[in-house]
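> To be precise about what I am sending: the file is called structure38.tsv and holds TSV, C-alpha atoms.
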chain	number	residue	atom	x	y	z
A	1	MET	CA	0.00	0.00	0.00
A	2	LEU	CA	1.22	3.51	-0.79
A	3	ASN	CA	2.78	5.36	2.13
A	4	ALA	CA	3.14	8.97	3.25
A	5	GLY	CA	5.31	11.10	0.99
A	6	THR	CA	4.22	9.30	-2.21
A	7	PRO	CA	2.40	11.26	-4.93
A	8	ALA	CA	-1.20	10.06	-5.00
A	9	PRO	CA	-1.98	8.36	-8.34
A	10	ASP	CA	-4.44	10.44	-10.33
A	11	PHE	CA	-7.79	9.01	-11.41
A	12	THR	CA	-11.08	9.89	-13.04
A	13	LEU	CA	-14.09	7.90	-11.85
A	14	HIS	CA	-17.86	8.10	-12.06
A	15	ALA	CA	-19.49	9.80	-9.07
A	16	THR	CA	-22.95	9.43	-10.61
A	17	PRO	CA	-24.05	7.56	-13.74
A	18	ASP	CA	-23.52	10.71	-15.85
A	19	GLN	CA	-20.82	12.58	-13.94
A	20	THR	CA	-17.12	11.95	-13.40
A	21	VAL	CA	-14.70	13.29	-10.81
A	22	SER	CA	-10.92	13.63	-11.13
A	23	LEU	CA	-8.52	13.76	-8.24
A	24	THR	CA	-6.92	16.89	-9.75
A	25	ASP	CA	-10.28	18.72	-9.34
A	26	PHE	CA	-9.48	19.05	-5.64
A	27	ARG	CA	-5.96	20.53	-5.77
A	28	GLY	CA	-5.42	23.23	-3.17
A	29	HIS	CA	-7.26	21.49	-0.35
A	30	PRO	CA	-6.90	18.19	1.49
A	31	VAL	CA	-8.64	15.09	0.17
A	32	VAL	CA	-9.65	12.05	2.19
A	33	LEU	CA	-9.86	8.81	0.18
A	34	ALA	CA	-11.75	6.03	1.92
A	35	PHE	CA	-11.48	2.74	0.06
A	36	TYR	CA	-13.97	0.14	1.34
A	37	PRO	CA	-15.04	-3.33	0.22
A	38	ALA	CA	-18.68	-2.85	-0.70
A	39	ASP	CA	-21.90	-0.87	-0.34
A	40	TRP	CA	-24.69	-2.33	1.79
A	41	SER	CA	-22.78	-3.77	4.71
A	42	PRO	CA	-25.47	-5.07	7.03
A	43	VAL	CA	-24.75	-3.06	10.19
A	44	CYS	CA	-26.00	0.25	11.50
A	45	GLY	CA	-23.30	2.73	12.20
A	46	ASP	CA	-21.07	1.39	9.45
A	47	GLN	CA	-18.02	3.25	8.21
A	48	MET	CA	-19.78	5.44	5.64
A	49	ALA	CA	-22.63	6.26	8.05
A	50	LEU	CA	-20.06	7.35	10.62
A	51	TYR	CA	-18.23	9.57	8.11
A	52	ASN	CA	-21.56	11.12	7.17
A	53	GLU	CA	-21.91	12.29	10.77
A	54	VAL	CA	-18.31	13.49	11.04
A	55	LEU	CA	-18.45	15.40	7.72
A	56	PRO	CA	-18.65	18.86	9.37
A	57	GLU	CA	-15.31	18.17	11.07
A	58	PHE	CA	-13.68	17.22	7.76
A	59	ARG	CA	-15.11	20.38	6.18
A	60	ARG	CA	-13.60	22.51	8.92
A	61	HIS	CA	-10.27	21.52	7.37
A	62	LYS	CA	-11.67	22.24	3.88
A	63	ALA	CA	-11.16	18.56	3.16
A	64	THR	CA	-13.20	16.64	0.59
A	65	LEU	CA	-14.14	13.07	1.45
A	66	LEU	CA	-14.41	10.56	-1.39
A	67	GLY	CA	-15.55	6.99	-0.75
A	68	ILE	CA	-14.31	4.45	-3.31
A	69	SER	CA	-15.44	0.87	-3.91
A	70	VAL	CA	-15.79	-1.41	-6.92
A	71	ASP	CA	-19.58	-1.04	-6.88
A	72	GLY	CA	-21.10	0.58	-9.99
A	73	ALA	CA	-22.46	4.12	-10.14
A	74	TRP	CA	-26.11	2.97	-10.02
A	75	CYS	CA	-25.42	0.89	-6.94
A	76	HIS	CA	-23.70	3.86	-5.28
A	77	ALA	CA	-26.66	6.09	-6.19
A	78	ALA	CA	-29.08	3.74	-4.45
A	79	PHE	CA	-26.80	3.36	-1.44
A	80	ILE	CA	-26.33	7.13	-1.11
A	81	GLN	CA	-30.06	7.67	-1.26
A	82	HIS	CA	-30.82	4.91	1.23
A	83	ARG	CA	-28.21	6.00	3.79
A	84	LYS	CA	-28.73	9.73	3.09
A	85	LEU	CA	-24.99	10.15	2.50
A	86	ARG	CA	-23.84	13.71	1.87
A	87	PHE	CA	-20.55	12.94	0.14
A	88	SER	CA	-19.54	11.27	-3.13
A	89	LEU	CA	-18.96	7.58	-3.63
A	90	LEU	CA	-16.82	6.81	-6.65
A	91	ALA	CA	-17.21	3.70	-8.79
A	92	ASP	CA	-13.88	1.89	-9.29
A	93	PHE	CA	-15.82	-0.31	-11.66
A	94	GLU	CA	-14.22	-0.37	-15.10
A	95	PRO	CA	-11.54	-1.59	-15.31
A	96	LYS	CA	-12.55	-3.13	-12.04
A	97	GLY	CA	-10.49	-2.04	-9.05
A	98	ALA	CA	-7.87	-0.24	-11.17
A	99	VAL	CA	-7.65	2.75	-8.83
A	100	ALA	CA	-7.57	0.59	-5.69
A	101	ARG	CA	-4.74	-1.42	-7.30
A	102	SER	CA	-2.78	1.77	-8.08
A	103	TYR	CA	-2.92	2.64	-4.34
A	104	GLY	CA	-1.99	-0.90	-3.34
A	105	ALA	CA	-5.38	-1.30	-1.74
A	106	TYR	CA	-6.99	-4.14	-3.71
A	107	ARG	CA	-7.80	-7.68	-2.63
A	108	ALA	CA	-7.50	-9.63	-5.85
A	109	LYS	CA	-8.82	-12.85	-4.34
A	110	GLU	CA	-12.11	-11.32	-3.22
A	111	GLY	CA	-12.22	-8.72	-5.98
A	112	VAL	CA	-12.86	-5.80	-3.65
A	113	ALA	CA	-10.97	-2.80	-2.29
A	114	GLU	CA	-9.27	-2.98	1.08
A	115	ARG	CA	-10.53	-0.88	3.96
A	116	ALA	CA	-7.81	1.71	3.42
A	117	LEU	CA	-7.63	5.40	4.26
A	118	PHE	CA	-5.49	8.09	2.62
A	119	VAL	CA	-5.23	11.75	3.53
A	120	LEU	CA	-3.74	13.84	0.69
A	121	ASP	CA	-2.39	17.35	0.95
A	122	GLY	CA	-3.38	20.19	-1.39
A	123	LYS	CA	-0.64	19.21	-3.83
A	124	GLY	CA	-1.84	15.64	-4.14
A	125	THR	CA	0.86	14.03	-2.00
A	126	ILE	CA	-0.09	11.33	0.47
A	127	HIS	CA	0.25	12.76	3.99
A	128	TRP	CA	-1.07	9.73	5.89
A	129	SER	CA	-2.36	6.27	5.09
A	130	TYR	CA	-3.87	3.49	7.12
A	131	LEU	CA	-4.84	-0.07	6.28
A	132	SER	CA	-7.57	-1.47	8.51
A	133	PRO	CA	-8.35	-5.16	8.96
A	134	ILE	CA	-11.11	-5.71	6.39
A	135	GLY	CA	-13.74	-6.52	9.01
A	136	VAL	CA	-12.95	-3.58	11.27
A	137	ASN	CA	-14.46	-0.15	10.78
A	138	PRO	CA	-11.39	2.09	11.20
A	139	GLY	CA	-13.40	4.99	12.59
A	140	ALA	CA	-12.55	8.63	11.96
A	141	ASP	CA	-10.02	9.47	14.66
A	142	GLY	CA	-6.99	8.72	12.49
A	143	ILE	CA	-8.32	10.90	9.67
A	144	LEU	CA	-8.96	13.83	12.02
A	145	GLU	CA	-5.48	13.55	13.53
A	146	ALA	CA	-3.95	13.45	10.04
A	147	LEU	CA	-5.93	16.53	8.92
A	148	GLU	CA	-4.74	18.37	12.02
A	149	SER	CA	-1.09	17.45	11.56
A	150	LEU	CA	-1.41	18.41	7.88
A	151	ALA	CA	-2.82	21.83	8.84
A	152	ALA	CA	0.02	22.30	11.32
A	153	ALA	CA	2.62	21.33	8.71
A	154	THR	CA	1.05	23.70	6.17
A	155	ARG	CA	1.11	26.57	8.67
A	156	ALA	CA	4.75	25.90	9.48
A	157	ALA	CA	5.77	25.81	5.80
B	1	MET	CA	1.65	3.50	7.75
B	2	SER	CA	0.55	4.26	11.25
B	3	THR	CA	-0.87	2.02	13.90
B	4	ARG	CA	-3.30	3.31	16.45
B	5	ARG	CA	-4.58	2.34	19.82
B	6	SER	CA	-8.06	3.45	20.73
B	7	ARG	CA	-8.26	5.15	24.10
B	8	LEU	CA	-10.71	7.50	25.68
B	9	THR	CA	-9.85	11.14	25.12
B	10	LEU	CA	-11.81	12.15	28.17
B	11	PRO	CA	-11.57	10.49	31.55
B	12	LEU	CA	-14.67	10.47	33.73
B	13	PRO	CA	-14.87	14.09	34.81
B	14	GLU	CA	-17.72	15.96	36.46
B	15	ARG	CA	-19.45	16.36	33.13
B	16	ASP	CA	-20.38	12.69	32.73
B	17	HIS	CA	-23.50	10.99	33.92
B	18	ILE	CA	-22.09	8.34	36.23
B	19	ALA	CA	-23.98	5.50	37.89
B	20	GLY	CA	-22.09	4.01	40.81
B	21	ALA	CA	-19.17	5.22	42.86
B	22	PRO	CA	-16.84	7.64	41.01
B	23	ASP	CA	-13.82	6.00	42.64
B	24	ALA	CA	-14.87	2.43	41.83
B	25	PRO	CA	-11.97	0.36	40.44
B	26	ALA	CA	-13.88	-0.78	37.34
B	27	ALA	CA	-15.04	1.89	34.91
B	28	LEU	CA	-17.38	1.14	32.03
B	29	VAL	CA	-18.20	3.82	29.47
B	30	GLU	CA	-20.80	3.25	26.78
B	31	TYR	CA	-21.22	5.36	23.67
B	32	GLY	CA	-24.79	4.73	22.65
B	33	ASP	CA	-27.74	5.81	20.53
B	34	PHE	CA	-31.28	5.56	21.92
B	35	GLU	CA	-32.67	4.52	18.52
B	36	CYS	CA	-30.05	1.86	17.79
B	37	PRO	CA	-31.41	-1.70	18.17
B	38	HIS	CA	-28.02	-3.02	19.32
B	39	CYS	CA	-27.89	-0.41	22.07
B	40	ARG	CA	-31.39	-1.45	23.06
B	41	ALA	CA	-30.09	-5.01	23.32
B	42	ALA	CA	-27.11	-3.83	25.37
B	43	TYR	CA	-29.28	-1.96	27.87
B	44	PRO	CA	-30.33	-5.00	29.98
B	45	VAL	CA	-26.77	-6.36	29.67
B	46	VAL	CA	-25.36	-3.24	31.29
B	47	GLU	CA	-28.05	-3.37	33.97
B	48	ALA	CA	-27.02	-6.94	34.79
B	49	VAL	CA	-23.34	-5.96	34.92
B	50	LYS	CA	-24.16	-3.06	37.24
B	51	GLU	CA	-26.12	-5.40	39.47
B	52	ALA	CA	-23.32	-7.97	39.56
B	53	LEU	CA	-20.49	-5.56	40.39
B	54	GLY	CA	-22.39	-3.19	42.66
B	55	PRO	CA	-20.09	-0.62	44.29
B	56	ARG	CA	-17.05	-1.92	42.42
B	57	LEU	CA	-18.36	-0.40	39.14
B	58	GLN	CA	-18.84	3.09	37.80
B	59	PHE	CA	-20.83	3.33	34.57
B	60	ALA	CA	-20.98	6.37	32.32
B	61	TYR	CA	-23.22	6.78	29.29
B	62	ARG	CA	-22.28	9.15	26.47
B	63	HIS	CA	-24.27	10.02	23.38
B	64	PHE	CA	-23.31	8.81	19.94
B	65	PRO	CA	-26.42	9.47	17.83
B	66	LEU	CA	-26.11	8.35	14.20
B	67	SER	CA	-28.65	10.93	13.12
B	68	GLN	CA	-28.71	10.11	9.42
B	69	THR	CA	-29.51	6.47	10.17
B	70	HIS	CA	-31.68	7.10	13.22
B	71	PRO	CA	-33.67	10.29	12.76
B	72	HIS	CA	-34.90	10.43	16.38
B	73	ALA	CA	-31.61	9.61	18.07
B	74	ALA	CA	-30.29	13.13	18.56
B	75	ARG	CA	-33.61	14.40	19.93
B	76	ALA	CA	-33.80	11.48	22.32
B	77	ALA	CA	-30.26	12.22	23.52
B	78	GLU	CA	-31.21	15.85	24.08
B	79	ALA	CA	-34.27	14.68	26.02
B	80	ALA	CA	-32.06	12.57	28.29
B	81	GLU	CA	-29.89	15.63	28.94
B	82	ALA	CA	-32.93	17.81	29.58
B	83	ALA	CA	-34.10	15.23	32.13
B	84	GLY	CA	-30.57	15.13	33.52
B	85	ALA	CA	-30.73	18.88	34.10
B	86	GLN	CA	-33.59	18.07	36.45
B	87	GLY	CA	-31.71	15.22	38.10
B	88	ARG	CA	-33.46	12.36	36.26
B	89	PHE	CA	-31.00	11.33	33.54
B	90	TRP	CA	-30.99	7.61	34.33
B	91	GLU	CA	-34.76	7.40	34.63
B	92	MET	CA	-35.14	8.96	31.18
B	93	HIS	CA	-32.32	6.78	29.81
B	94	ALA	CA	-34.32	3.69	30.87
B	95	VAL	CA	-37.62	5.02	29.51
B	96	LEU	CA	-36.06	5.85	26.14
B	97	PHE	CA	-34.58	2.40	25.65
B	98	GLU	CA	-37.77	0.73	26.82
B	99	ASN	CA	-39.79	2.78	24.32
B	100	GLN	CA	-37.35	2.86	21.46
B	101	HIS	CA	-40.03	2.88	18.79
B	102	ALA	CA	-41.86	5.93	20.18
B	103	LEU	CA	-39.40	8.80	20.18
B	104	GLU	CA	-41.34	11.64	18.58
B	105	ASP	CA	-41.22	14.96	20.41
B	106	GLU	CA	-44.71	14.43	21.84
B	107	ASP	CA	-43.59	11.03	23.17
B	108	LEU	CA	-40.56	12.61	24.83
B	109	ILE	CA	-42.75	15.20	26.51
B	110	ARG	CA	-45.13	12.48	27.67
B	111	TYR	CA	-42.19	10.62	29.27
B	112	ALA	CA	-41.08	13.83	30.99
B	113	ASP	CA	-44.59	14.12	32.41
B	114	HIS	CA	-44.52	10.49	33.63
B	115	LEU	CA	-41.21	11.20	35.36
B	116	ASP	CA	-42.76	14.20	37.11
B	117	LEU	CA	-40.36	16.63	35.52
B	118	ASP	CA	-41.05	20.33	35.09
B	119	VAL	CA	-42.59	19.65	31.68
B	120	GLU	CA	-42.70	23.27	30.62
B	121	ARG	CA	-38.97	23.66	31.17
B	122	PHE	CA	-38.28	20.28	29.52
B	123	ALA	CA	-40.32	21.19	26.43
B	124	ARG	CA	-38.70	24.61	26.20
B	125	GLU	CA	-35.17	23.20	26.39
B	126	LEU	CA	-36.08	20.62	23.77
B	127	ALA	CA	-37.59	23.27	21.47
B	128	GLU	CA	-34.54	25.52	21.88
B	129	HIS	CA	-32.11	22.64	21.28
B	130	ALA	CA	-30.49	23.66	24.56
B	131	TRP	CA	-28.65	20.35	24.88
B	132	GLU	CA	-27.60	19.90	21.26
B	133	PRO	CA	-24.03	21.20	21.84
B	134	ARG	CA	-23.60	18.85	24.77
B	135	VAL	CA	-24.74	15.87	22.69
B	136	ARG	CA	-22.40	16.87	19.86
B	137	GLU	CA	-19.55	17.18	22.35
B	138	ASP	CA	-20.18	13.62	23.51
B	139	PHE	CA	-20.31	12.47	19.89
B	140	LEU	CA	-17.01	14.13	18.96
B	141	SER	CA	-15.28	12.82	22.07
B	142	GLY	CA	-16.33	9.39	20.85
B	143	VAL	CA	-15.05	9.96	17.33
B	144	ARG	CA	-11.71	11.02	18.84
B	145	ALA	CA	-11.55	7.93	20.97
B	146	GLY	CA	-12.14	5.61	18.04
B	147	VAL	CA	-15.83	4.90	18.49
B	148	ASN	CA	-16.86	3.43	15.15
B	149	GLY	CA	-20.45	2.39	15.73
B	150	THR	CA	-22.92	1.75	18.51
B	151	PRO	CA	-22.73	0.53	21.11
B	152	THR	CA	-19.03	0.98	21.78
B	153	PHE	CA	-17.77	0.18	25.27
B	154	PHE	CA	-14.60	1.30	27.02
B	155	VAL	CA	-13.29	-0.66	29.98
B	156	ASN	CA	-11.06	1.46	32.22
B	157	GLY	CA	-10.39	3.77	29.29
B	158	VAL	CA	-9.55	1.15	26.67
B	159	ARG	CA	-11.94	0.26	23.84
B	160	HIS	CA	-13.53	-3.11	24.40
B	161	ASP	CA	-13.57	-4.82	21.00
B	162	GLY	CA	-14.76	-8.19	22.23
B	163	ALA	CA	-18.25	-9.52	22.78
B	164	TRP	CA	-20.51	-7.55	25.08
B	165	ASP	CA	-22.66	-10.20	26.65
B	166	VAL	CA	-22.84	-10.09	30.45
B	167	GLU	CA	-20.08	-12.64	31.01
B	168	SER	CA	-17.60	-11.07	28.59
B	169	LEU	CA	-18.10	-7.59	30.00
B	170	LEU	CA	-17.83	-8.84	33.57
B	171	GLU	CA	-14.62	-10.66	32.81
B	172	ALA	CA	-13.08	-7.59	31.12
B	173	LEU	CA	-14.12	-5.32	33.99
B	174	VAL	CA	-12.92	-7.62	36.75
B	175	THR	CA	-9.56	-8.07	35.01
B	176	ALA	CA	-9.19	-4.31	34.51
B	177	ALA	CA	-10.14	-3.61	38.11
B	178	ARG	CA	-7.58	-6.12	39.38
B	179	ARG	CA	-4.90	-4.49	37.25
B	180	SER	CA	-5.71	-1.01	38.54
B	181	ALA	CA	-5.79	-2.16	42.18
Give the structure from the file, written as structure tokens.

Amino acid sequence: MLNAGTPAPDFTLHATPDQTVSLTDFRGHPVVLAFYPADWSPVCGDQMALYNEVLPEFRRHKATLLGISVDGAWCHAAFIQHRKLRFSLLADFEPKGAVARSYGAYRAKEGVAERALFVLDGKGTIHWSYLSPIGVNPGADGILEALESLAAATRAA
Amino acid sequence: MSTRRSRLTLPLPERDHIAGAPDAPAALVEYGDFECPHCRAAYPVVEAVKEALGPRLQFAYRHFPLSQTHPHAARAAEAAEAAGAQGRFWEMHAVLFENQHALEDEDLIRYADHLDLDVERFARELAEHAWEPRVREDFLSGVRAGVNGTPTFFVNGVRHDGAWDVESLLEALVTAARRSA
């Protein structure tokens, strides 16, 4: 998996069936990439539901959160609507898992993304990354700490 | 890549609602959501643990409402705080879990009436969202401590990732208490 200090591989993925998003669109502000195995995990308070609640804290750092899984754009659209998510989920669908692979966050055997977190700085460099055991919701504390240390580093520069 | 250990960011200061002795050797903190079915299931478990450990346990409940999933959870948490302001937090806590499927504002006010609270004050504080910042503060303290869903338990400040049936919790608490003794 890619570590801190590495340039984040660029990508363009579908955010909705008729709209794409590129990583370069977000230059100038931090980006949080949350790779996860699949939509529709059968628990309440899952990872994406938690991030939905913590979103105002991410926004305080002007950070954009992007969820990424191999699910298709229509699946994401239904999931977003059902869970009332207020951030984008990107479809790493065709070629399947290509972006997750480029971050070293793909499980070829299962054909899904790892549960992996990346915080990127405004220049698109990885500031922090974390690989969670696939069954464990990594929470949001690591992301918040990374955004804070990034803000401190930016101020000092 | 970093590794992390989940610990409570806040100890058990004056701000918490604590059942039991504040100097008890075993400390259990729950981050919960009154509309979450798993928290409902955990409620009698915690009661049994409290009963079993008696004065050796202090139990604190903090709010972790997943509002997008559970539309009544934040209001219910505010209602518990409004009751707490009148000294009846734990009574309301019990009523809310026991009536998890009736958490509309008029239900909350009815419960306040049953608990003999100053209903006018209760309704006013609810309408003004007087306790919303407090609930959010609980929520964020949980996020910081690595709470990733509900219920999440902490045993003597360390996240309890194991099972939370009565026996498992008792074992974790007794072990932690022995270590702190």
> Counting only C-alpha atoms, which residues of chain B fall within 7 Å of chain A, and what is the closest atom pair for each with its distance in Å at one decimal, ordered by chain and rising number, as a Markdown table?

| residue | atom | partner | partner_atom | distance |
| --- | --- | --- | --- | --- |
| B:Met1 | CA | A:Ser129 | CA | 5.6 |
| B:Ser2 | CA | A:Tyr130 | CA | 6.1 |
| B:Leu66 | CA | A:Gly45 | CA | 6.6 |
| B:Gln68 | CA | A:Lys84 | CA | 6.3 |
| B:Thr69 | CA | A:Arg83 | CA | 6.5 |
| B:Val143 | CA | A:Asp141 | CA | 5.7 |
| B:Arg144 | CA | A:Asp141 | CA | 4.8 |
| B:Ala145 | CA | A:Asp141 | CA | 6.7 |
| B:Gly146 | CA | A:Asp141 | CA | 5.6 |
| B:Val147 | CA | A:Gly139 | CA | 6.4 |
| B:Asn148 | CA | A:Gly139 | CA | 4.6 |
| B:Gly149 | CA | A:Gly45 | CA | 4.5 |
| B:Thr150 | CA | A:Gly45 | CA | 6.4 |
> Could you please give me, as number ranges by chain, the residues of protein, DNA or RNA lying at most 10 Å from (-9.0, 22.5, -4.7) in the coordinate frame of the file, considering all atoms listed in the file?
A: 23-31, 62-64, 122-124
> What would the file look like if the residues just selected were written as a PDB file, in the frame of the given file with C-alpha atoms?

ATOM      1  CA  LEU A  23      -8.520  13.760  -8.240  1.00  0.00           C
ATOM      2  CA  THR A  24      -6.920  16.890  -9.750  1.00  0.00           C
ATOM      3  CA  ASP A  25     -10.280  18.720  -9.340  1.00  0.00           C
ATOM      4  CA  PHE A  26      -9.480  19.050  -5.640  1.00  0.00           C
ATOM      5  CA  ARG A  27      -5.960  20.530  -5.770  1.00  0.00           C
ATOM      6  CA  GLY A  28      -5.420  23.230  -3.170  1.00  0.00           C
ATOM      7  CA  HIS A  29      -7.260  21.490  -0.350  1.00  0.00           C
ATOM      8  CA  PRO A  30      -6.900  18.190   1.490  1.00  0.00           C
ATOM      9  CA  VAL A  31      -8.640  15.090   0.170  1.00  0.00           C
ATOM     10  CA  LYS A  62     -11.670  22.240   3.880  1.00  0.00           C
ATOM     11  CA  ALA A  63     -11.160  18.560   3.160  1.00  0.00           C
ATOM     12  CA  THR A  64     -13.200  16.640   0.590  1.00  0.00           C
ATOM     13  CA  GLY A 122      -3.380  20.190  -1.390  1.00  0.00           C
ATOM     14  CA  LYS A 123      -0.640  19.210  -3.830  1.00  0.00           C
ATOM     15  CA  GLY A 124      -1.840  15.640  -4.140  1.00  0.00           C
TER      16      GLY A 124
END
> Which distance in Å separates atom CA of Ala15 of chain A and atom CA of Pro56 of chain A, to one decimal?
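Atom-to-atom, atom CA of Ala15 of chain A to atom CA of Pro56 of chain A, that is 20.6 Å.
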> Select, from A:Ala108, A:Leu65, A:Ala157, A:Ile126, the residue with the minimum atom-to-atom distance to Leu89 of chain A, counting all atoms listed in the file.
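Smallest distance to Leu89 of chain A is found for A:Leu65.
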> Using atom CA of His17 of chain B and atom CA of Ala60 of chain B as the two end points, give the distance in Å to one decimal.
5.5 Å
> With a distance cut-off of 12 Å and all atoms listed in the file, select the neighbouring residues of segment 90-105 of chain B, excluding the residue or stretch itself and same-chain residues fewer than 6 positions from it, and output the selection as an NGL selection string.
:B and (16-20 or 32-44 or 46-47 or 59-63 or 70-84 or 111-117 or 122-127 or 129)
> For atom CA of Trp40 of chain A and atom CA of Phe79 of chain A, determine how far apart the two atoms are, in Å to one decimal place.
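Atom CA of Phe79 of chain A lies 6.9 Å from atom CA of Trp40 of chain A.
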> Neighbours of segment 165-174 of chain B within 8 Å (all atoms listed in the file; same-chain residues fewer than 6 positions away dropped), as a PDB file with C-alpha atoms, keeping the file's coordinate frame?

ATOM      1  CA  ALA B  26     -13.880  -0.780  37.340  1.00  0.00           C
ATOM      2  CA  ALA B  27     -15.040   1.890  34.910  1.00  0.00           C
ATOM      3  CA  LEU B  28     -17.380   1.140  32.030  1.00  0.00           C
ATOM      4  CA  ALA B  42     -27.110  -3.830  25.370  1.00  0.00           C
ATOM      5  CA  VAL B  45     -26.770  -6.360  29.670  1.00  0.00           C
ATOM      6  CA  VAL B  46     -25.360  -3.240  31.290  1.00  0.00           C
ATOM      7  CA  ALA B  48     -27.020  -6.940  34.790  1.00  0.00           C
ATOM      8  CA  VAL B  49     -23.340  -5.960  34.920  1.00  0.00           C
ATOM      9  CA  VAL B 155     -13.290  -0.660  29.980  1.00  0.00           C
ATOM     10  CA  ASN B 156     -11.060   1.460  32.220  1.00  0.00           C
TER      11      ASN B 156
END
> Taking into account only C-alpha atoms, which residue in the set A:His61, A:Tyr103, A:Pro17, A:Ala78 is nearest to Ala152 of chain A?
A:His61
> Nearest residue to Phe154 of chain B out of B:Ala24, B:Leu8, B:Ala181, B:Val119, using all atoms listed in the file?
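That would be B:Leu8, the residue with the smallest distance to Phe154 of chain B.
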